[in-house]
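So this one's upload_14.txt, compact mmCIF, C-alpha atoms and all ligand atoms:
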```txt
# COMPACT_ATOMS: atom_id res chain seq x y z
CA MET A 907 129.73 94.06 112.25
CA THR A 908 126.66 92.83 114.16
CA HIS A 909 123.57 91.00 112.94
CA ARG A 910 120.07 91.12 114.36
CA ALA A 911 118.62 87.76 115.45
CA ALA A 912 115.06 86.93 116.46
CA ILE A 913 114.82 84.20 119.09
CA ILE A 914 111.37 82.62 119.02
CA PHE A 915 110.14 80.36 121.81
CA ARG A 916 107.56 77.57 121.77
CA ASP A 917 104.98 79.80 123.52
CA GLY A 918 105.37 82.39 120.76
CA LEU A 919 107.26 84.99 122.77
CA THR A 920 110.06 86.48 120.68
CA GLN A 921 113.18 88.39 121.68
CA PHE A 922 115.47 90.34 119.38
CA ILE A 923 119.20 90.47 120.03
CA GLN A 924 122.34 91.77 118.35
CA VAL A 925 124.98 89.14 117.62
CA GLU A 926 128.58 90.29 117.18
CA GLN A 927 130.74 88.99 114.36
CA ASN A 928 132.20 85.61 115.39
CA GLU A 929 130.06 85.59 118.52
CA LYS A 930 128.15 82.36 119.20
CA LEU A 931 124.39 82.77 119.19
CA LEU A 932 124.20 81.13 122.63
CA ASP A 933 126.66 83.70 124.09
CA ALA A 934 124.87 86.62 122.46
CA ALA A 935 121.58 85.37 123.91
CA PHE A 936 123.18 85.17 127.38
CA ARG A 937 124.54 88.68 127.00
CA HIS A 938 120.93 89.81 126.46
CA GLY A 939 119.70 87.89 129.54
CA ILE A 940 118.26 84.94 127.60
CA GLN A 941 119.31 81.67 129.17
CA LEU A 942 118.92 79.17 126.37
CA PRO A 943 119.17 75.53 127.53
CA LEU A 944 122.74 74.27 127.39
CA ASP A 945 124.91 71.51 128.70
CA CYS A 946 128.21 70.65 126.96
CA ARG A 947 128.83 73.89 124.97
CA GLU A 948 130.83 71.70 122.59
CA GLY A 949 128.34 70.69 119.90
CA VAL A 950 127.82 67.21 121.32
CA CYS A 951 124.74 67.06 123.56
CA ALA A 952 122.22 68.93 121.34
CA THR A 953 120.63 70.59 124.40
CA CYS A 954 120.95 73.98 122.67
CA ARG A 955 119.36 72.71 119.44
CA GLY A 956 117.17 75.15 117.51
CA PHE A 957 115.89 75.71 114.01
CA CYS A 958 117.12 78.42 111.67
CA GLU A 959 113.97 79.88 110.07
CA SER A 960 115.80 82.49 108.04
CA GLY A 961 119.28 83.89 107.51
CA THR A 962 122.67 82.33 106.92
CA ILE A 963 124.86 80.79 109.60
CA GLU A 964 128.10 78.93 110.11
CA MET A 965 128.56 76.16 112.67
CA GLU A 966 131.94 75.34 114.16
CA TYR A 967 131.78 71.74 115.41
CA VAL A 968 128.68 69.56 115.21
CA ASP A 969 128.82 65.98 116.39
CA ASP A 970 126.89 63.54 114.15
CA GLU A 971 125.08 62.31 117.25
CA ALA A 972 123.88 65.84 117.99
CA LEU A 973 122.62 66.67 114.47
CA SER A 974 122.51 64.39 111.45
CA ALA A 975 123.52 65.70 108.03
CA SER A 976 119.89 65.68 106.97
CA GLU A 977 118.83 67.70 110.05
CA ARG A 978 121.53 70.26 109.28
CA GLU A 979 120.28 70.45 105.72
CA GLN A 980 116.73 71.04 106.94
CA GLY A 981 117.90 74.00 109.07
CA TYR A 982 118.47 72.58 112.55
CA MET A 983 121.37 74.20 114.36
CA LEU A 984 123.23 74.22 117.69
CA ALA A 985 123.26 77.64 119.34
CA CYS A 986 126.58 76.99 121.08
CA GLN A 987 128.31 76.45 117.71
CA THR A 988 126.45 78.97 115.53
CA THR A 989 127.72 82.31 114.27
CA LEU A 990 125.66 84.54 111.98
CA THR A 991 126.64 85.74 108.54
CA SER A 992 123.35 87.64 108.03
CA PRO A 993 120.34 88.68 110.13
CA GLY A 994 118.30 85.61 111.04
CA SER A 995 115.46 84.10 113.03
CA PHE A 996 115.76 81.03 115.22
CA TYR A 997 113.09 78.85 116.76
CA PHE A 998 113.73 77.02 120.05
CA ASP A 999 111.26 74.37 121.13
CA VAL A 1000 111.20 75.50 124.77
CA ASP A 1001 108.93 77.87 126.67
CA SER A 1002 110.29 81.36 127.22
CA SER A 1003 109.66 81.07 130.98
CA ILE A 1004 112.49 78.57 131.40
CA CYS A 1005 114.90 80.94 129.63
CA ASN A 1006 114.36 83.78 132.10
CA ILE A 1007 112.37 85.86 129.62
CA SER A 1008 109.59 88.27 130.41
CA GLN A 1009 107.27 90.14 128.11
CA GLN A 1010 108.20 93.60 126.89
CA HIS A 1011 105.71 96.31 127.88
CA TYR A 1012 105.04 99.40 125.76
CA ARG A 1013 103.05 102.57 126.26
CA GLY A 1014 101.74 104.61 123.38
CA GLN A 1015 98.97 106.94 122.37
CA VAL A 1016 96.19 106.43 119.87
CA SER A 1017 97.36 108.55 116.93
CA ALA A 1018 94.58 107.59 114.49
CA LEU A 1019 91.36 105.64 114.52
CA THR A 1020 89.49 105.08 111.26
CA LEU A 1021 86.19 103.29 111.08
CA LEU A 1022 86.46 101.69 107.62
CA SER A 1023 82.94 100.25 107.86
CA ASP A 1024 80.47 99.41 110.62
CA THR A 1025 82.48 96.24 111.33
CA VAL A 1026 86.14 97.13 110.65
CA ALA A 1027 88.46 99.80 112.07
CA THR A 1028 92.14 100.63 111.80
CA LEU A 1029 93.87 101.64 115.00
CA GLU A 1030 97.21 103.43 114.89
CA ILE A 1031 99.36 103.70 118.01
CA THR A 1032 102.44 105.92 118.34
CA LEU A 1033 104.87 104.94 121.07
CA GLU A 1034 105.62 107.49 123.75
CA GLU A 1035 109.18 108.77 123.94
CA GLY A 1036 111.61 106.67 125.96
CA GLN A 1037 109.89 103.35 125.22
CA PRO A 1038 112.02 100.30 124.45
CA GLU A 1039 112.69 99.67 120.76
CA LEU A 1040 109.81 97.85 119.13
CA HIS A 1041 110.70 94.79 117.09
CA TYR A 1042 108.52 92.03 115.70
CA LEU A 1043 108.40 89.63 112.79
CA PRO A 1044 105.80 90.23 110.08
CA GLY A 1045 102.73 88.17 111.05
CA GLN A 1046 103.25 88.41 114.82
CA TYR A 1047 100.84 90.07 117.22
CA ALA A 1048 100.64 92.29 120.31
CA ARG A 1049 98.35 92.02 123.33
CA ILE A 1050 96.65 95.37 123.79
CA GLN A 1051 95.26 96.43 127.14
CA ILE A 1052 91.88 97.99 126.57
CA PRO A 1053 91.75 101.43 128.25
CA GLY A 1054 89.30 101.59 131.15
CA SER A 1055 89.41 97.83 131.72
CA LYS A 1056 91.80 95.14 132.86
CA GLU A 1057 91.14 93.09 129.70
CA THR A 1058 93.67 92.47 126.97
CA ARG A 1059 93.06 91.32 123.39
CA ALA A 1060 95.45 89.99 120.75
CA TYR A 1061 95.89 91.91 117.49
CA SER A 1062 98.20 91.14 114.60
CA TYR A 1063 100.35 94.02 113.43
CA ALA A 1064 99.13 95.38 110.10
CA SER A 1065 102.27 97.43 109.44
CA ALA A 1066 105.75 96.56 108.20
CA SER A 1067 108.02 95.06 110.80
CA ALA A 1068 110.89 97.50 110.26
CA GLN A 1069 111.54 99.20 113.55
CA SER A 1070 109.21 102.15 113.91
CA ALA A 1071 107.46 104.07 116.67
CA VAL A 1072 104.12 103.86 114.84
CA VAL A 1073 102.14 100.63 114.54
CA ARG A 1074 98.79 99.84 112.95
CA PHE A 1075 96.16 97.20 113.60
CA LEU A 1076 93.10 96.12 111.62
CA VAL A 1077 90.30 95.33 114.03
CA ARG A 1078 86.96 93.64 113.49
CA LEU A 1079 84.18 95.36 115.44
CA LEU A 1080 81.74 92.90 116.95
CA PRO A 1081 78.19 94.08 117.78
CA SER A 1082 79.31 93.96 121.41
CA GLY A 1083 82.73 93.27 122.89
CA VAL A 1084 85.24 94.90 125.23
CA MET A 1085 87.61 96.17 122.49
CA SER A 1086 84.81 96.66 119.96
CA ASP A 1087 82.83 98.86 122.38
CA TYR A 1088 85.93 100.85 123.34
CA LEU A 1089 86.81 101.60 119.72
CA ARG A 1090 83.27 102.43 118.68
CA GLN A 1091 82.20 104.47 121.71
CA ARG A 1092 85.09 105.85 123.76
CA CYS A 1093 88.35 105.80 121.84
CA ARG A 1094 89.83 109.23 121.11
CA VAL A 1095 93.06 110.30 119.45
CA GLY A 1096 95.52 110.93 122.32
CA ASP A 1097 94.23 108.11 124.56
CA SER A 1098 97.06 106.34 126.39
CA ILE A 1099 97.23 102.68 125.49
CA ASP A 1100 99.49 99.89 126.76
CA PHE A 1101 100.48 96.68 125.09
CA THR A 1102 102.89 93.77 125.43
CA ALA A 1103 104.73 92.22 122.51
CA PRO A 1104 105.80 90.51 120.41
CA PHE A 1105 104.04 87.14 120.30
CA GLY A 1106 103.25 84.41 117.84
CA ALA A 1107 104.68 81.54 115.86
CA PHE A 1108 102.84 82.79 112.77
CA TYR A 1109 105.46 84.86 111.03
CA LEU A 1110 106.88 84.99 107.55
CA ARG A 1111 109.70 82.50 107.02
CA GLU A 1112 112.43 83.04 104.49
CA VAL A 1113 110.72 83.15 101.10
CA LYS A 1114 112.23 80.33 99.06
CA ARG A 1115 109.18 79.25 97.07
CA PRO A 1116 105.79 80.62 95.94
CA LEU A 1117 103.45 81.85 98.65
CA LEU A 1118 99.75 81.26 99.09
CA PHE A 1119 98.16 83.67 101.56
CA VAL A 1120 94.56 83.10 102.67
CA ALA A 1121 92.93 85.79 104.84
CA GLY A 1122 89.53 85.71 106.49
CA GLY A 1123 88.18 89.17 107.41
CA THR A 1124 90.65 91.11 109.54
CA GLY A 1125 93.06 88.18 109.17
CA LEU A 1126 94.24 90.45 106.35
CA SER A 1127 96.22 92.41 108.97
CA ALA A 1128 99.02 89.86 109.27
CA PHE A 1129 99.39 89.77 105.48
CA LEU A 1130 99.57 93.56 105.24
CA SER A 1131 102.53 93.37 107.62
CA MET A 1132 104.16 90.56 105.63
CA LEU A 1133 103.57 92.24 102.25
CA GLU A 1134 104.80 95.65 103.43
CA SER A 1135 107.90 94.00 104.87
CA LEU A 1136 108.50 92.14 101.58
CA ALA A 1137 108.00 95.35 99.61
CA GLU A 1138 110.80 96.91 101.65
CA GLN A 1139 113.16 94.16 100.49
CA SER A 1140 114.29 94.25 96.89
CA ASP A 1141 115.14 90.61 96.34
CA VAL A 1142 111.83 88.72 96.58
CA GLN A 1143 111.08 87.11 93.22
CA GLN A 1144 108.64 84.34 94.19
CA PRO A 1145 104.98 84.72 93.18
CA ILE A 1146 102.59 85.65 96.01
CA ALA A 1147 98.83 84.99 95.70
CA LEU A 1148 96.47 86.38 98.34
CA TYR A 1149 92.86 85.20 98.63
CA TYR A 1150 90.90 87.53 100.88
CA GLY A 1151 87.50 86.28 102.05
CA VAL A 1152 84.83 88.45 103.67
CA ASN A 1153 81.12 88.02 104.33
CA ARG A 1154 79.84 91.25 102.79
CA GLU A 1155 81.27 93.97 100.54
CA SER A 1156 81.15 96.46 103.44
CA GLU A 1157 83.85 94.40 105.20
CA ILE A 1158 86.38 94.75 102.36
CA SER A 1159 89.23 96.86 103.76
CA GLU A 1160 92.58 98.29 102.75
CA VAL A 1161 92.10 97.73 99.01
CA GLU A 1162 94.15 100.84 98.21
CA ARG A 1163 97.04 99.45 100.23
CA LEU A 1164 96.72 96.10 98.47
CA ASP A 1165 96.72 97.83 95.07
CA SER A 1166 99.77 99.84 95.99
CA LEU A 1167 101.51 96.68 97.24
CA ALA A 1168 100.67 94.97 93.93
CA GLU A 1169 102.43 97.85 92.15
CA ARG A 1170 105.46 97.74 94.41
CA LEU A 1171 105.72 93.95 94.42
CA GLY A 1172 105.42 92.97 90.75
CA ASN A 1173 104.93 89.31 91.72
CA PHE A 1174 101.92 89.87 94.02
CA SER A 1175 98.25 89.47 93.08
CA TYR A 1176 95.09 89.24 95.15
CA GLN A 1177 91.46 88.28 94.85
CA VAL A 1178 88.59 89.32 97.10
CA VAL A 1179 85.94 86.65 97.65
CA VAL A 1180 82.59 87.63 99.18
CA SER A 1181 80.42 84.91 100.71
CA ASP A 1182 77.19 86.89 100.96
CA PRO A 1183 77.38 89.67 98.34
CA GLY A 1184 74.71 92.11 97.19
CA SER A 1185 73.42 91.91 93.61
CA ALA A 1186 75.88 94.58 92.39
CA TRP A 1187 79.00 92.58 93.33
CA GLN A 1188 80.94 91.61 90.19
CA GLY A 1189 83.82 89.75 91.82
CA LYS A 1190 84.27 86.21 93.15
CA LYS A 1191 81.43 84.85 95.25
CA GLY A 1192 81.29 82.10 97.85
CA TRP A 1193 83.68 80.79 100.48
CA VAL A 1194 87.32 81.63 100.01
CA THR A 1195 88.14 77.94 99.42
CA GLN A 1196 85.80 77.93 96.41
CA ALA A 1197 88.05 80.49 94.72
CA LEU A 1198 91.23 78.43 95.14
CA GLU A 1199 92.25 76.53 92.02
CA SER A 1200 94.47 73.49 92.43
CA HIS A 1201 96.12 73.86 88.98
CA LEU A 1202 97.76 77.09 90.24
CA PHE A 1203 99.61 75.18 92.96
CA GLN A 1204 101.62 72.60 91.04
CA GLN A 1205 105.04 73.79 92.29
CA PRO A 1206 106.06 73.31 95.94
CA PHE A 1207 104.81 76.30 97.94
CA ASP A 1208 104.25 77.69 101.44
CA ALA A 1209 100.72 78.45 102.64
CA TYR A 1210 99.93 81.03 105.31
CA LEU A 1211 96.37 81.18 106.65
CA CYS A 1212 95.03 83.80 109.05
CA GLY A 1213 91.58 84.58 110.44
CA PRO A 1214 88.57 82.78 111.92
CA PRO A 1215 89.08 79.09 112.83
CA PRO A 1216 86.39 77.74 110.42
CA MET A 1217 88.15 79.38 107.45
CA ILE A 1218 91.48 77.91 108.53
CA GLU A 1219 90.02 74.43 108.93
CA ALA A 1220 88.25 74.66 105.55
CA THR A 1221 91.47 75.76 103.82
CA CYS A 1222 93.55 73.02 105.50
CA SER A 1223 91.07 70.37 104.41
CA TRP A 1224 90.98 71.84 100.87
CA LEU A 1225 94.78 71.67 100.70
CA SER A 1226 94.87 68.06 101.90
CA SER A 1227 92.10 66.92 99.54
CA GLN A 1228 93.32 68.57 96.32
CA PRO A 1229 96.02 67.48 93.85
CA VAL A 1230 98.45 70.26 94.85
CA ALA A 1231 102.24 70.11 95.14
CA GLU A 1232 104.19 69.58 98.38
CA HIS A 1233 103.64 72.50 100.77
CA LYS A 1234 104.01 73.70 104.35
CA VAL A 1235 101.10 75.31 106.15
CA TYR A 1236 101.41 78.03 108.81
CA PHE A 1237 98.31 79.51 110.41
CA GLU A 1238 96.99 81.92 113.02
CA ARG A 1239 93.49 81.37 114.40
CA PHE A 1240 91.68 84.47 115.63
CA VAL A 1241 90.09 82.76 118.62
CA SER A 1242 88.37 84.95 121.18
CA SER A 1243 90.34 85.75 124.34
C1 LIG A 1301 96.70 85.51 117.95
C2 LIG A 1301 95.46 86.34 117.69
C3 LIG A 1301 95.54 87.42 116.82
C4 LIG A 1301 94.39 88.18 116.56
N1 LIG A 1301 94.49 89.21 115.69
C5 LIG A 1301 93.37 89.93 115.40
C6 LIG A 1301 93.42 90.99 114.44
O1 LIG A 1301 94.47 91.32 113.88
N2 LIG A 1301 92.26 91.64 114.17
C7 LIG A 1301 91.07 91.31 114.79
O2 LIG A 1301 90.04 91.93 114.48
N3 LIG A 1301 91.00 90.32 115.68
C8 LIG A 1301 92.13 89.64 116.01
N4 LIG A 1301 92.04 88.64 116.94
C9 LIG A 1301 90.79 88.49 117.71
C10 LIG A 1301 90.80 89.53 118.87
O3 LIG A 1301 91.83 89.22 119.80
C11 LIG A 1301 89.50 89.58 119.69
O4 LIG A 1301 89.14 88.30 120.08
C12 LIG A 1301 88.32 90.18 118.94
O5 LIG A 1301 88.71 91.44 118.39
C13 LIG A 1301 87.13 90.40 119.85
O6 LIG A 1301 87.44 91.29 120.90
P1 LIG A 1301 86.34 92.15 121.68
O7 LIG A 1301 86.98 92.58 122.95
O8 LIG A 1301 85.73 93.18 120.80
O9 LIG A 1301 85.20 91.07 121.99
P2 LIG A 1301 85.10 90.15 123.31
O10 LIG A 1301 84.73 90.98 124.48
O11 LIG A 1301 86.33 89.32 123.39
O12 LIG A 1301 83.92 89.19 122.89
C14 LIG A 1301 82.55 89.61 122.92
C15 LIG A 1301 81.68 88.43 122.54
O13 LIG A 1301 81.90 88.08 121.16
C16 LIG A 1301 82.36 86.72 121.06
N5 LIG A 1301 83.42 86.71 120.02
C17 LIG A 1301 84.73 87.00 120.18
N6 LIG A 1301 85.39 86.91 119.00
C18 LIG A 1301 84.45 86.57 118.10
C19 LIG A 1301 84.49 86.34 116.71
N7 LIG A 1301 85.63 86.41 116.01
N8 LIG A 1301 83.34 86.03 116.06
C20 LIG A 1301 82.17 85.96 116.74
N9 LIG A 1301 82.06 86.16 118.07
C21 LIG A 1301 83.18 86.45 118.73
C22 LIG A 1301 82.90 86.37 122.42
O14 LIG A 1301 82.82 84.97 122.66
C23 LIG A 1301 81.98 87.15 123.33
O15 LIG A 1301 80.77 86.48 123.53
C24 LIG A 1301 93.17 87.86 117.19
C25 LIG A 1301 93.10 86.78 118.09
C26 LIG A 1301 94.24 86.02 118.33
C27 LIG A 1301 94.14 84.87 119.28
S1 LIG A 1302 125.24 72.88 124.59
FE1 LIG A 1302 125.66 70.83 123.97
S2 LIG A 1302 125.53 70.98 121.80
FE2 LIG A 1302 125.29 73.04 122.44
```

As structure tokens, what does this structure read like?
Ligand SMILES: Cc1cc2nc3c(=O)[nH]c(=O)nc-3n(C[C@H](O)[C@H](O)[C@H](O)COP(=O)(O)OP(=O)(O)OC[C@H]3O[C@@H](n4cnc5c(N)ncnc54)[C@H](O)[C@@H]3O)c2cc1C
Ligand code: FES
Amino acid sequence: MTHRAAIIFRDGLTQFIQVEQNEKLLDAAFRHGIQLPLDCREGVCATCRGFCESGTIEMEYVDDEALSASEREQGYMLACQTTLTSPGSFYFDVDSSICNISQQHYRGQVSALTLLSDTVATLEITLEEGQPELHYLPGQYARIQIPGSKETRAYSYASASAQSAVVRFLVRLLPSGVMSDYLRQRCRVGDSIDFTAPFGAFYLREVKRPLLFVAGGTGLSAFLSMLESLAEQSDVQQPIALYYGVNRESEISEVERLDSLAERLGNFSYQVVVSDPGSAWQGKKGWVTQALESHLFQQPFDAYLCGPPPMIEATCSWLSSQPVAEHKVYFERFVSS
């Protein structure tokens, strides 16, 4: 029996490998051409130290000097001593370049383009035959090369992370921009399109406590990927609350998908918050942080924030100023390339 493992590096690059039963993670990584740092191979030096983000593992010998009992409890592990008893993901605090890793390149074709409003589009890409298998963690992103230019832009996957030849992205259209102009003016179904992937340290960790998701605009994309991936699992019981902030009603996207996810995931609810609504808007108004209520976050929880930097900063300062329970914050800023 083999288990799939995601190896995530400090620079966000991620590689997926298959680990055989009883095979050490370090050896499996080597077999796949990934040279994780190592020295003693005996569980003593801690050079191969990483962090188990999800999954279950067993470790053979771990010297107390290499990892304390409390570090082991937190999830730290030694790759040279670790075998997997389930699929898992592992973070190593080193850059991919020193592990002999290069980015994976993909070629696909635009299989659908939908302009949801004058400022938001969904782009669907279907991989050409013969491409390498596409793997990513929900929340990660790809760098898409914009046809007709040498420019690339980062876009978070908006589809479930289960291996598939079809991927979707939710893209904000600026009044003028390299990708925005391509999508609005030139993009046609059938266009060839290249991208590299996967990237990003913003991905869904093992769900062990309630989740707060805060999306600004097309930051929703990463949450669509996370929610779709969760809906494909049957064992997620923790409550999930999504707050989705936009400037105007015309920017609200993918509500049907959110409604269907709420049906599939009985523990998921969402609220749309519009900062500059028209007079007909009946829902929540204001900045997304104004809709958050501290009394709902009295149990330890994990917060995931995705979208424009000002929204992320505002949410982080709300979380640190309010009487909420202990929590971890993960975020992805949509900075311009
Ligand atoms: C990790 C990561 C993930 C991302 N994921 C997504 C995603 O899923 N969906 C998505 O829509 N975007 C996402 N972005 C942003 C995206 O990569 C592009 O920056 C954005 O789409 C603009 O590209 P463009 O080529 O149309 O404009 P550009 O040619 O890059 O920019 C045109 C002009 O607009 C300015 N500009 C760029 N971005 C903004 C902005 N947000 N607000 C105001 N002005 C801006 C630029 O400074 C420039 O002057 C992500 C960014 C990062 C770093
Ligand atoms: S290589 Fe020394 S502890 Fe793993």

List all protein, DNA and RNA residues that have any atom at most 10 Å from ligand LIG 1301 (chain A), counting all atoms listed in the file, and write the list as a count of residues only. 59

Closest atom pairs, chain A residues within 12 Å of ligand LIG 1302 (chain A), all atoms listed in the file, as CSV:
```
residue,atom,partner,partner_atom,distance
A:Lys930,CA,A:LIG1302,FE2,10.3
A:Leu931,CA,A:LIG1302,FE2,10.3
A:Leu932,CA,A:LIG1302,FE2,8.2
A:Asp933,CA,A:LIG1302,FE2,10.9
A:Gln941,CA,A:LIG1302,S1,11.6
A:Leu942,CA,A:LIG1302,S1,9.1
A:Pro943,CA,A:LIG1302,S1,7.2
A:Leu944,CA,A:LIG1302,S1,4.0
A:Asp945,CA,A:LIG1302,S1,4.3
A:Cys946,CA,A:LIG1302,FE1,3.9
A:Arg947,CA,A:LIG1302,S1,3.7
A:Glu948,CA,A:LIG1302,S2,5.4
A:Gly949,CA,A:LIG1302,S2,3.4
A:Val950,CA,A:LIG1302,S2,4.4
A:Cys951,CA,A:LIG1302,FE1,3.9
A:Ala952,CA,A:LIG1302,S2,3.9
A:Thr953,CA,A:LIG1302,FE1,5.1
A:Cys954,CA,A:LIG1302,FE2,4.4
A:Arg955,CA,A:LIG1302,FE2,6.7
A:Gly956,CA,A:LIG1302,FE2,9.7
A:Met965,CA,A:LIG1302,FE2,10.8
A:Glu966,CA,A:LIG1302,FE2,10.9
A:Tyr967,CA,A:LIG1302,S2,9.0
A:Val968,CA,A:LIG1302,S2,7.4
A:Asp969,CA,A:LIG1302,S2,8.1
A:Asp970,CA,A:LIG1302,S2,10.8
A:Glu971,CA,A:LIG1302,S2,9.8
A:Ala972,CA,A:LIG1302,S2,6.6
A:Leu973,CA,A:LIG1302,S2,9.0
A:Tyr982,CA,A:LIG1302,S2,11.7
A:Met983,CA,A:LIG1302,FE2,9.1
A:Leu984,CA,A:LIG1302,FE2,5.3
A:Ala985,CA,A:LIG1302,FE2,5.9
A:Cys986,CA,A:LIG1302,FE2,4.4
A:Gln987,CA,A:LIG1302,FE2,6.6
A:Thr988,CA,A:LIG1302,FE2,9.2
```

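Atom CA of A:Lys1056 to atom CA of A:Tyr1042 spans 24.2 Å [interatomic distance, one decimal].
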
Å distance separating atom CA of A:Thr962 from atom CA of A:Ser995, one decimal place: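 Atom-to-atom, atom CA of A:Thr962 and atom CA of A:Ser995 are spaced 9.6 Å apart.
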
Name the closest residue to A:Arg910 among the candidates A:Phe996, A:Phe936, A:Trp1193, A:Tyr1012; distances are taken between atoms, counting only C-alpha atoms. A:Phe996

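Atom CA of A:Ser1098 is found 11.9 Å from atom CA of A:Glu1030.
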
Got a sec: who's within 12 Å of A:Gly961, counting all atoms listed in the file, leaving out chain neighbours fewer than 5 positions off, as a list in words? His909, Arg910, Ala911, Ala912, Gly981, Thr988, Thr989, Leu990, Thr991, Ser992, Pro993, Gly994, Ser995, Phe996, Arg1111, Glu1112, Val1113 and Lys1114 of chain A

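Counting only C-alpha atoms and comparing A:Leu1040, A:Val1142, A:Leu1167, A:Ile913, the residue that lies closest to A:Val1073 is A:Leu1040.
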
Nearest to A:Ile1007 by atom-to-atom distance, counting all atoms listed in the file, from A:Leu1110, A:Cys1093, A:Leu919, A:Ala975: A:Leu919

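Between A:Val1230 and the residues A:Leu1136, A:Ala1209, A:Leu1043, A:Leu1164, the shortest atom-to-atom distance, using only C-alpha atoms, involves A:Ala1209.
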
So, with only C-alpha atoms as the atoms that count, which of A:Ala1066, A:Leu1148, A:Val1072, A:Leu1022 lies closest to A:Glu1035? A:Val1072

Using all atoms listed in the file, can you list as a ChimeraX atom specification the residues within 9 Å of (97.6, 81.9, 100.1)? /A:1117-1121,1146-1150,1198,1208-1211

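Around the coordinate (76.9, 92.7, 101.8), residues that reach within 9 Å when counting all atoms listed in the file are Asn1153, Arg1154, Glu1155, Ser1156, Glu1157, Val1180, Ser1181, Asp1182, Pro1183, Gly1184, Ser1185 and Trp1187 of chain A.
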
If you count only C-alpha atoms, which residues fall within 7 Å of A:Phe1207, apart from same-chain ones fewer than 2 positions away, as a tab-separated table (two decimals) with C-alpha atoms, in the frame of the given file?
```tsv
chain	number	residue	atom	x	y	z
A	1115	ARG	CA	109.18	79.25	97.07
A	1116	PRO	CA	105.79	80.62	95.94
A	1117	LEU	CA	103.45	81.85	98.65
A	1205	GLN	CA	105.04	73.79	92.29
A	1209	ALA	CA	100.72	78.45	102.64
A	1232	GLU	CA	104.19	69.58	98.38
A	1233	HIS	CA	103.64	72.50	100.77
A	1234	LYS	CA	104.01	73.70	104.35
```

My list of candidates is A:Gly1172, A:Pro1206, A:Gly1192, A:Gly1036. Which is closest to A:Pro1229 when distances are computed with all atoms listed in the file? A:Pro1206
